[in-house]
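Student: Provided herewith: input.txt, compact mmCIF, C-alpha atoms.
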```txt
# COMPACT_ATOMS: atom_id res chain seq x y z
CA MET I 274 39.95 4.67 -45.37
CA THR I 275 43.29 3.64 -46.87
CA GLN I 276 43.29 3.55 -50.66
CA THR I 277 44.53 0.34 -52.26
CA GLY I 278 46.52 -0.46 -55.39
CA GLU I 279 50.17 -0.65 -56.37
CA LEU I 280 51.78 2.79 -56.34
CA LYS I 281 53.86 3.50 -59.45
CA ALA I 282 55.88 6.36 -57.94
CA ARG I 283 57.09 7.67 -54.59
CA ALA I 284 54.98 10.80 -54.00
CA ILE I 285 56.79 13.43 -51.90
CA ALA I 286 54.65 16.40 -50.84
CA PHE I 287 56.19 19.75 -49.92
CA TYR I 288 55.09 20.80 -46.44
CA LEU I 289 54.89 24.42 -45.28
CA PRO I 290 55.37 24.95 -41.51
CA GLN I 291 53.96 28.49 -41.30
CA TYR I 292 50.80 27.61 -39.37
CA PHE I 293 51.66 28.88 -35.91
CA PRO I 294 52.57 32.37 -34.68
CA ILE I 295 56.20 33.42 -34.29
CA PRO I 296 57.68 36.70 -32.99
CA GLU I 297 59.08 37.65 -36.40
CA ASN I 298 55.70 37.45 -38.16
CA ASP I 299 54.06 39.26 -35.24
CA GLU I 300 56.52 42.10 -35.79
CA TRP I 301 56.27 42.17 -39.58
CA TRP I 302 52.56 41.57 -40.16
CA GLY I 303 50.75 41.90 -36.84
CA ARG I 304 50.15 39.76 -33.81
CA GLY I 305 48.97 36.22 -34.51
CA PHE I 306 49.88 36.19 -38.21
CA THR I 307 50.10 32.73 -39.81
CA GLU I 308 49.49 31.37 -43.30
CA TRP I 309 45.81 31.26 -42.37
CA THR I 310 45.74 35.07 -42.13
CA ASN I 311 46.23 35.53 -45.87
CA THR I 312 44.15 32.48 -46.71
CA ALA I 313 41.05 33.59 -44.81
CA LYS I 314 41.09 37.24 -45.89
CA ALA I 315 41.26 36.46 -49.62
CA ARG I 316 38.38 37.70 -51.78
CA PRO I 317 37.28 37.11 -55.39
CA LEU I 318 39.05 39.42 -57.85
CA PHE I 319 37.09 38.57 -61.01
CA PRO I 320 33.85 36.78 -61.98
CA GLY I 321 34.11 33.08 -61.21
CA HIS I 322 37.15 33.51 -58.96
CA ARG I 323 36.62 31.13 -56.04
CA GLN I 324 38.12 32.76 -52.96
CA PRO I 325 38.59 32.25 -50.12
CA SER I 326 39.50 28.57 -50.31
CA LEU I 327 39.02 27.16 -46.84
CA PRO I 328 40.03 23.95 -45.05
CA ALA I 329 37.59 21.15 -44.30
CA ASP I 330 38.58 18.06 -42.29
CA LEU I 331 41.63 19.52 -40.52
CA GLY I 332 40.22 23.01 -39.99
CA PHE I 333 42.37 26.07 -39.26
CA TYR I 334 45.00 24.02 -37.50
CA ASP I 335 47.99 25.01 -35.37
CA LEU I 336 51.15 23.01 -36.11
CA ARG I 337 52.24 23.17 -32.49
CA VAL I 338 49.51 20.58 -31.81
CA PRO I 339 50.77 16.96 -32.11
CA GLU I 340 47.29 15.64 -32.92
CA THR I 341 47.19 17.88 -36.00
CA ARG I 342 50.49 16.54 -37.26
CA ALA I 343 49.29 12.97 -36.67
CA ALA I 344 46.05 13.61 -38.57
CA GLN I 345 48.01 15.03 -41.51
CA ALA I 346 50.23 11.96 -41.63
CA ASP I 347 47.22 9.64 -41.48
CA LEU I 348 45.57 11.42 -44.42
CA ALA I 349 48.78 11.41 -46.43
CA ARG I 350 49.53 7.73 -45.80
CA ALA I 351 45.98 6.70 -46.70
CA HIS I 352 46.20 8.38 -50.11
CA GLY I 353 49.64 7.35 -51.35
CA VAL I 354 51.89 10.15 -50.11
CA GLU I 355 55.14 8.48 -49.11
CA ALA I 356 56.81 11.40 -47.33
CA PHE I 357 56.60 15.08 -46.46
CA ALA I 358 59.38 17.40 -47.62
CA TYR I 359 59.47 19.93 -44.78
CA TRP I 360 60.59 23.39 -45.85
CA HIS I 361 63.69 24.13 -43.81
CA TYR I 362 65.20 27.59 -43.27
CA TRP I 363 68.85 28.38 -42.59
CA PHE I 364 69.84 31.98 -43.30
CA GLY I 365 73.44 31.59 -42.14
CA ASP I 366 75.21 31.66 -38.78
CA GLY I 367 72.50 29.58 -37.11
CA ASP I 368 69.69 31.97 -38.07
CA ARG I 369 66.56 29.84 -38.50
CA ILE I 370 62.81 30.33 -38.55
CA LEU I 371 59.65 28.19 -38.34
CA GLU I 372 61.65 25.15 -37.20
CA ARG I 373 59.42 24.22 -34.25
CA PRO I 374 57.01 21.74 -35.93
CA PHE I 375 59.78 19.67 -37.46
CA THR I 376 61.94 19.88 -34.33
CA GLU I 377 59.04 18.41 -32.36
CA VAL I 378 58.41 15.71 -34.98
CA LEU I 379 62.07 14.73 -34.72
CA ALA I 380 62.27 14.81 -30.93
CA SER I 381 58.96 13.06 -30.23
CA ARG I 382 59.36 10.49 -33.02
CA GLU I 383 55.73 11.18 -33.88
CA PRO I 384 54.11 10.87 -36.27
CA ASP I 385 55.75 7.71 -37.57
CA PHE I 386 55.72 8.99 -41.14
CA PRO I 387 58.64 9.48 -43.55
CA PHE I 388 60.12 12.90 -44.23
CA CYS I 389 62.99 14.78 -45.80
CA LEU I 390 64.20 18.37 -45.64
CA ALA I 391 63.97 20.98 -48.40
CA TRP I 392 66.26 23.96 -47.85
CA ALA I 393 64.37 27.14 -48.77
CA ASN I 394 67.56 29.13 -49.36
CA GLN I 395 65.93 32.40 -50.30
CA THR I 396 65.86 35.92 -48.87
CA TRP I 397 62.51 36.74 -47.28
CA THR I 398 60.88 39.93 -48.53
CA GLY I 399 57.52 41.61 -48.08
CA ILE I 400 56.22 40.32 -51.41
CA TRP I 401 53.21 38.69 -49.74
CA HIS I 402 51.96 42.14 -48.78
CA GLY I 403 52.88 44.05 -51.91
CA ALA I 404 56.25 45.14 -50.52
CA ALA I 405 58.70 43.07 -52.57
CA ASP I 406 61.54 45.55 -51.94
CA ARG I 407 61.28 45.17 -48.17
CA VAL I 408 63.93 42.72 -46.97
CA LEU I 409 62.87 40.82 -43.85
CA LYS I 410 65.58 38.17 -43.62
CA GLN I 411 68.64 38.07 -45.83
CA GLN I 412 69.87 34.70 -47.05
CA ARG I 413 73.63 34.57 -46.43
CA TYR I 414 76.32 32.16 -47.62
CA LEU I 415 79.21 32.31 -45.17
CA GLY I 416 81.55 29.61 -46.42
CA GLU I 417 82.63 26.12 -45.43
CA GLU I 418 82.43 26.47 -41.67
CA ASP I 419 78.87 27.74 -41.85
CA ASP I 420 78.02 24.89 -44.21
CA ARG I 421 79.48 22.49 -41.66
CA ARG I 422 77.41 24.03 -38.88
CA HIS I 423 74.31 23.79 -41.07
CA PHE I 424 75.04 20.13 -41.85
CA GLU I 425 75.59 19.27 -38.20
CA THR I 426 72.28 20.94 -37.32
CA VAL I 427 70.35 18.66 -39.68
CA LEU I 428 72.48 15.55 -39.09
CA PRO I 429 70.13 14.17 -36.38
CA ALA I 430 67.34 14.24 -38.96
CA PHE I 431 69.50 12.43 -41.54
CA ARG I 432 70.15 9.70 -38.96
CA ASP I 433 66.44 9.21 -38.17
CA ASP I 434 65.07 5.94 -39.53
CA ARG I 435 62.00 7.77 -40.88
CA TYR I 436 64.17 9.92 -43.16
CA LEU I 437 63.50 9.47 -46.89
CA ARG I 438 66.39 7.72 -48.65
CA VAL I 439 67.44 6.72 -52.14
CA ASP I 440 69.86 3.80 -52.21
CA GLY I 441 70.38 4.32 -48.49
CA ARG I 442 71.33 7.99 -48.85
CA PRO I 443 69.25 10.74 -47.18
CA VAL I 444 67.47 13.04 -49.64
CA PHE I 445 68.20 16.77 -49.29
CA TYR I 446 66.47 19.26 -51.58
CA VAL I 447 67.85 22.71 -52.51
CA PHE I 448 65.22 25.26 -53.54
CA ARG I 449 67.45 27.89 -55.16
CA PRO I 450 70.66 26.20 -56.35
CA GLU I 451 71.29 29.14 -58.68
CA GLU I 452 71.83 31.37 -55.65
CA LEU I 453 74.62 29.23 -54.20
CA PRO I 454 77.92 31.08 -54.68
CA ASP I 455 79.48 27.87 -56.02
CA ALA I 456 77.03 24.99 -56.46
CA ARG I 457 79.79 22.45 -57.18
CA ALA I 458 81.67 23.40 -54.02
CA PHE I 459 78.45 23.12 -51.99
CA VAL I 460 77.78 19.61 -53.31
CA ASP I 461 81.36 18.50 -52.72
CA ARG I 462 81.38 19.84 -49.14
CA TRP I 463 78.06 18.29 -48.15
CA GLN I 464 78.97 14.95 -49.65
CA ARG I 465 82.24 15.04 -47.73
CA PHE I 466 80.45 15.92 -44.49
CA ALA I 467 78.01 13.05 -45.06
CA ALA I 468 80.80 10.58 -45.74
CA ASP I 469 82.69 11.70 -42.63
CA ALA I 470 79.47 11.23 -40.63
CA GLY I 471 79.16 7.64 -41.86
CA LEU I 472 76.04 8.26 -43.93
CA GLY I 473 77.44 6.89 -47.17
CA GLY I 474 76.68 10.20 -48.90
CA LEU I 475 73.55 12.23 -49.57
CA TYR I 476 71.03 12.15 -52.41
CA LEU I 477 71.08 15.84 -53.37
CA VAL I 478 68.23 17.29 -55.41
CA ALA I 479 68.23 20.71 -57.09
CA GLU I 480 65.12 22.59 -58.14
CA ALA I 481 64.96 23.60 -61.79
CA SER I 482 62.28 26.27 -61.52
CA ASP I 483 60.58 27.26 -64.79
CA LEU I 484 57.17 28.45 -63.66
CA LEU I 485 55.78 29.62 -67.01
CA GLY I 486 58.01 27.96 -69.57
CA ALA I 487 60.56 30.77 -70.05
CA GLY I 488 63.44 28.50 -69.08
CA PRO I 489 64.73 27.39 -65.68
CA ARG I 490 66.96 29.58 -63.56
CA PHE I 491 69.12 26.50 -62.88
CA SER I 492 68.85 23.91 -65.61
CA PRO I 493 68.91 20.13 -65.23
CA GLU I 494 72.20 20.21 -67.15
CA GLN I 495 73.66 22.63 -64.62
CA ALA I 496 72.47 20.36 -61.81
CA VAL I 497 74.31 17.40 -63.29
CA ALA I 498 77.45 19.48 -63.85
CA ALA I 499 77.37 20.64 -60.23
CA GLY I 500 77.14 17.06 -58.98
CA PHE I 501 73.51 16.96 -57.86
CA ASP I 502 71.96 13.51 -58.09
CA ALA I 503 68.76 14.84 -59.62
CA SER I 504 66.80 17.97 -60.47
CA VAL I 505 63.08 18.60 -60.09
CA TYR I 506 61.52 20.38 -63.05
CA MET I 507 58.98 22.85 -61.70
CA ARG I 508 56.56 24.27 -64.27
CA LEU I 509 53.07 25.52 -63.56
CA PRO I 510 50.44 23.45 -65.41
CA ALA I 511 49.24 26.45 -67.43
CA VAL I 512 47.92 26.45 -70.99
CA LEU I 513 50.51 28.61 -72.73
CA SER I 514 49.86 29.75 -76.28
CA ARG I 515 49.65 32.96 -78.27
CA SER I 516 45.90 33.10 -77.73
CA SER I 517 46.19 32.41 -73.98
CA HIS I 518 48.76 35.19 -73.59
CA LEU I 519 46.52 37.58 -75.53
CA ALA I 520 43.50 36.63 -73.40
CA MET I 521 45.56 37.12 -70.25
CA ARG I 522 46.63 40.62 -71.33
CA VAL I 523 43.07 41.60 -72.16
CA ALA I 524 41.86 40.27 -68.81
CA ARG I 525 44.59 42.11 -66.90
CA LYS I 526 43.57 45.38 -68.52
CA ALA I 527 39.92 44.79 -67.63
CA LEU I 528 40.88 43.83 -64.09
CA ARG I 529 42.93 46.97 -63.48
CA GLY I 530 46.28 45.25 -63.74
CA GLY I 531 45.74 41.70 -62.64
CA PRO I 532 45.94 39.01 -61.57
CA GLU I 533 47.36 36.97 -64.44
CA ILE I 534 44.92 34.22 -65.39
CA TYR I 535 45.67 31.06 -67.35
CA ALA I 536 43.76 27.83 -67.88
CA TYR I 537 44.92 24.75 -65.95
CA SER I 538 46.45 22.18 -68.28
CA ASP I 539 46.14 18.43 -67.84
CA GLN I 540 48.88 18.00 -70.46
CA ALA I 541 51.57 19.81 -68.47
CA VAL I 542 53.89 16.84 -68.10
CA ALA I 543 54.02 16.24 -71.85
CA SER I 544 55.58 19.68 -72.39
CA SER I 545 58.20 19.30 -69.65
CA PRO I 546 61.67 17.86 -70.27
CA THR I 547 62.44 14.37 -69.08
CA GLY I 548 65.66 12.46 -68.52
CA PRO I 549 67.29 10.00 -66.16
CA ALA I 550 68.31 12.76 -63.72
CA ILE I 551 65.07 14.80 -64.00
CA GLN I 552 62.19 14.20 -61.60
CA PRO I 553 58.68 15.52 -62.24
CA CYS I 554 56.59 17.83 -60.08
CA VAL I 555 52.79 18.05 -60.17
CA TYR I 556 50.49 20.82 -58.96
CA PRO I 557 46.84 20.27 -58.00
CA ASN I 558 46.15 23.97 -58.55
CA TRP I 559 47.64 27.44 -58.27
CA ASP I 560 46.17 30.73 -57.04
CA ASN I 561 48.52 32.92 -55.03
CA THR I 562 46.21 35.94 -54.88
CA PRO I 563 45.70 35.43 -51.10
CA ARG I 564 49.34 36.47 -50.80
CA SER I 565 49.85 38.73 -53.80
CA GLY I 566 46.42 40.17 -54.59
CA ARG I 567 46.21 41.63 -58.09
CA GLY I 568 49.91 40.89 -58.50
CA GLY I 569 49.19 37.17 -58.30
CA LEU I 570 48.66 34.38 -60.80
CA VAL I 571 45.61 32.12 -61.09
CA LEU I 572 45.12 28.83 -62.90
CA ARG I 573 41.43 28.51 -63.81
CA GLY I 574 39.61 25.26 -64.34
CA ALA I 575 41.72 23.00 -62.14
CA THR I 576 39.84 19.86 -61.13
CA PRO I 577 40.82 16.67 -59.33
CA THR I 578 40.25 14.76 -62.60
CA LYS I 579 42.76 16.94 -64.48
CA PHE I 580 45.19 16.70 -61.60
CA ALA I 581 44.96 12.88 -61.66
CA ARG I 582 45.89 12.91 -65.35
CA ASN I 583 49.02 14.94 -64.61
CA VAL I 584 49.94 12.60 -61.77
CA ALA I 585 49.53 9.53 -63.98
CA ALA I 586 51.60 11.11 -66.76
CA ALA I 587 54.34 12.07 -64.31
CA ALA I 588 54.43 8.58 -62.81
CA ALA I 589 54.74 7.12 -66.31
CA THR I 590 57.94 9.10 -66.92
CA LEU I 591 59.49 7.28 -63.96
CA ALA I 592 58.39 3.77 -64.89
CA THR I 593 61.76 2.54 -66.21
CA ARG I 594 63.82 3.81 -63.29
CA PRO I 595 64.86 1.82 -60.23
CA THR I 596 62.06 1.88 -57.66
CA ASP I 597 64.07 3.95 -55.19
CA GLU I 598 64.56 6.71 -57.78
CA ARG I 599 60.91 7.09 -58.78
CA LEU I 600 60.44 10.32 -56.84
CA LEU I 601 57.39 12.34 -57.85
CA TRP I 602 57.23 15.71 -56.10
CA VAL I 603 53.87 17.30 -55.26
CA LYS I 604 53.54 21.03 -54.74
CA SER I 605 52.12 21.03 -52.21
CA TRP I 606 50.62 19.40 -49.15
CA ASN I 607 49.43 22.64 -47.54
CA GLU I 608 50.32 25.84 -49.42
CA TRP I 609 46.86 27.29 -48.85
CA ALA I 610 47.78 30.91 -49.64
CA GLU I 611 49.34 29.78 -52.95
CA GLY I 612 46.22 27.81 -53.80
CA ASN I 613 48.08 24.51 -54.11
CA HIS I 614 47.24 21.94 -51.48
CA LEU I 615 46.23 18.31 -51.12
CA GLU I 616 44.54 18.79 -47.76
CA PRO I 617 40.72 18.63 -47.83
CA ASP I 618 38.86 21.84 -48.59
CA LEU I 619 35.21 22.86 -48.27
CA VAL I 620 34.52 22.58 -52.02
CA HIS I 621 36.31 19.38 -53.03
CA GLY I 622 36.66 17.53 -49.74
CA LYS I 623 39.29 14.79 -50.08
CA ALA I 624 39.07 14.79 -53.88
CA TRP I 625 42.61 16.17 -54.41
CA LEU I 626 44.03 13.36 -52.27
CA GLU I 627 41.88 10.77 -54.01
CA ALA I 628 43.03 12.13 -57.38
CA LEU I 629 46.66 11.80 -56.35
CA HIS I 630 46.16 8.18 -55.43
CA ARG I 631 44.21 7.48 -58.60
CA GLY I 632 47.02 8.91 -60.70
CA LEU I 633 49.63 6.90 -58.80
CA VAL I 634 47.94 3.55 -59.44
CA GLN I 635 46.78 4.04 -63.04
```
Please express the file's structure as structure tokens.
Tutor:
Amino acid sequence: MTQTGELKARAIAFYLPQYFPIPENDEWWGRGFTEWTNTAKARPLFPGHRQPSLPADLGFYDLRVPETRAAQADLARAHGVEAFAYWHYWFGDGDRILERPFTEVLASREPDFPFCLAWANQTWTGIWHGAADRVLKQQRYLGEEDDRRHFETVLPAFRDDRYLRVDGRPVFYVFRPEELPDARAFVDRWQRFAADAGLGGLYLVAEASDLLGAGPRFSPEQAVAAGFDASVYMRLPAVLSRSSHLAMRVARKALRGGPEIYAYSDQAVASSPTGPAIQPCVYPNWDNTPRSGRGGLVLRGATPTKFARNVAAAAATLATRPTDERLLWVKSWNEWAEGNHLEPDLVHGKAWLEALHRGLVQ
């Protein structure tokens, strides 16, 4: 059933495509590996640790199936998600991975649901299996001609009438702007390509990642200086204090080294910077032990009610901006092995989705 009420922000949910087998993952991790492999094999690592977290309504889906993609869009639309931000991979010189679901969405024009692309410009390593030093795919930056080839590859998506826009400009998200050899040159080139293509420019968004409050790798100020239209401040909703750090260290010792454990905070937005070029990000939860085991990080005590408070607070920071610019990013739609997802699970059902909508209309 579609939820009702006026939405106070444009909720954009990050969308992971790694739910179908590919030859690379077969080679690296074994035949048939998908994100479900890590999700399903997870086990509790401490008393009260709820693992595995398993899907409900959509089941262990395969993203090659159009009906699955349609069902996801229906759920998202019914609960106030305006668009999916599909993670997009370009390692240089046309080297891509996991592009099939989005390629099929683009070619089939189904589902009829808005989207944008988020460039995950990061080297792939074996960190998910405790082998962080093992390089699987190297992210390369090969200069202007490679940038042009990259732009031309995604141009059909930018031209699609479903593509998410701000003031008529397609939104393009950069995950690791700090790794660009020259962020200003990247922005200038892509804006020139977009103008030459008749798009009227792009709305470029840089991630300012500050997962535990130590300071972002690429600050909102750097994003502005480089010419990005906005930055997204990413901070885990963890209770961070002297006592919480002490408790975490004691717990890690008792647990033979990990994982790190913090309480989920429903006051996370209040401690994050705001500004006219800063957009908020909200997390329903976080537990990446399915990927990282004892090297992971867990937020304890996350509930849909606490999540709704963070959503409402984030939406309030956008209230004075033009409607088009009220982008509220959600991490994530379906990051099951990171423990952050909106999709229904066996414990909470649709409660994460309902909480999102509740926070958007408060």
Student: Could you please determine the separation between CA of Leu379 (chain I) and CA of Arg435 (chain I) in Å, to one decimal place?
Tutor: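 The value is 9.3 Å.
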Student: Would you kindly return, as a PDB file with C-alpha atoms, in the frame of the given file, each protein, DNA or RNA residue with an atom no farther than 7 Å from any atom of region 614-630 of chain I, considering all atoms listed in the file and excluding same-chain residues fewer than 2 positions away?
Tutor:
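Result file is part03.pdb:
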```pdb
ATOM      1  CA  SER I 326      39.500  28.570 -50.310  1.00  0.00           C
ATOM      2  CA  LEU I 327      39.020  27.160 -46.840  1.00  0.00           C
ATOM      3  CA  PRO I 328      40.030  23.950 -45.050  1.00  0.00           C
ATOM      4  CA  ALA I 329      37.590  21.150 -44.300  1.00  0.00           C
ATOM      5  CA  ASP I 330      38.580  18.060 -42.290  1.00  0.00           C
ATOM      6  CA  HIS I 352      46.200   8.380 -50.110  1.00  0.00           C
ATOM      7  CA  GLY I 353      49.640   7.350 -51.350  1.00  0.00           C
ATOM      8  CA  PRO I 557      46.840  20.270 -58.000  1.00  0.00           C
ATOM      9  CA  PRO I 577      40.820  16.670 -59.330  1.00  0.00           C
ATOM     10  CA  THR I 578      40.250  14.760 -62.600  1.00  0.00           C
ATOM     11  CA  PHE I 580      45.190  16.700 -61.600  1.00  0.00           C
ATOM     12  CA  ALA I 581      44.960  12.880 -61.660  1.00  0.00           C
ATOM     13  CA  VAL I 584      49.940  12.600 -61.770  1.00  0.00           C
ATOM     14  CA  SER I 605      52.120  21.030 -52.210  1.00  0.00           C
ATOM     15  CA  TRP I 606      50.620  19.400 -49.150  1.00  0.00           C
ATOM     16  CA  ASN I 607      49.430  22.640 -47.540  1.00  0.00           C
ATOM     17  CA  GLU I 608      50.320  25.840 -49.420  1.00  0.00           C
ATOM     18  CA  TRP I 609      46.860  27.290 -48.850  1.00  0.00           C
ATOM     19  CA  GLY I 612      46.220  27.810 -53.800  1.00  0.00           C
ATOM     20  CA  GLY I 632      47.020   8.910 -60.700  1.00  0.00           C
ATOM     21  CA  LEU I 633      49.630   6.900 -58.800  1.00  0.00           C
ATOM     22  CA  VAL I 634      47.940   3.550 -59.440  1.00  0.00           C
TER      23      VAL I 634
END
```
Student: Identify which of the residues I:Leu428, I:Val571, I:Ala588, I:Ala456 lies closest to Leu600 (chain I), counting all atoms listed in the file when measuring atom-to-atom distances.
Tutor: I:Ala588
Student: Using only C-alpha atoms, which residues sit within 8 Å of Arg508 (chain I) once same-chain residues fewer than 5 positions away are excluded, as a PyMOL selection string?
Tutor: chain I and resi 482-486+541+545+554
Student: Could you check which of I:Trp302, I:Tyr476, I:Tyr506, I:Phe501 is closest to Glu598 (chain I), using only C-alpha atoms?
Tutor: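 Among the listed residues, I:Tyr476 lies closest to Glu598 (chain I).
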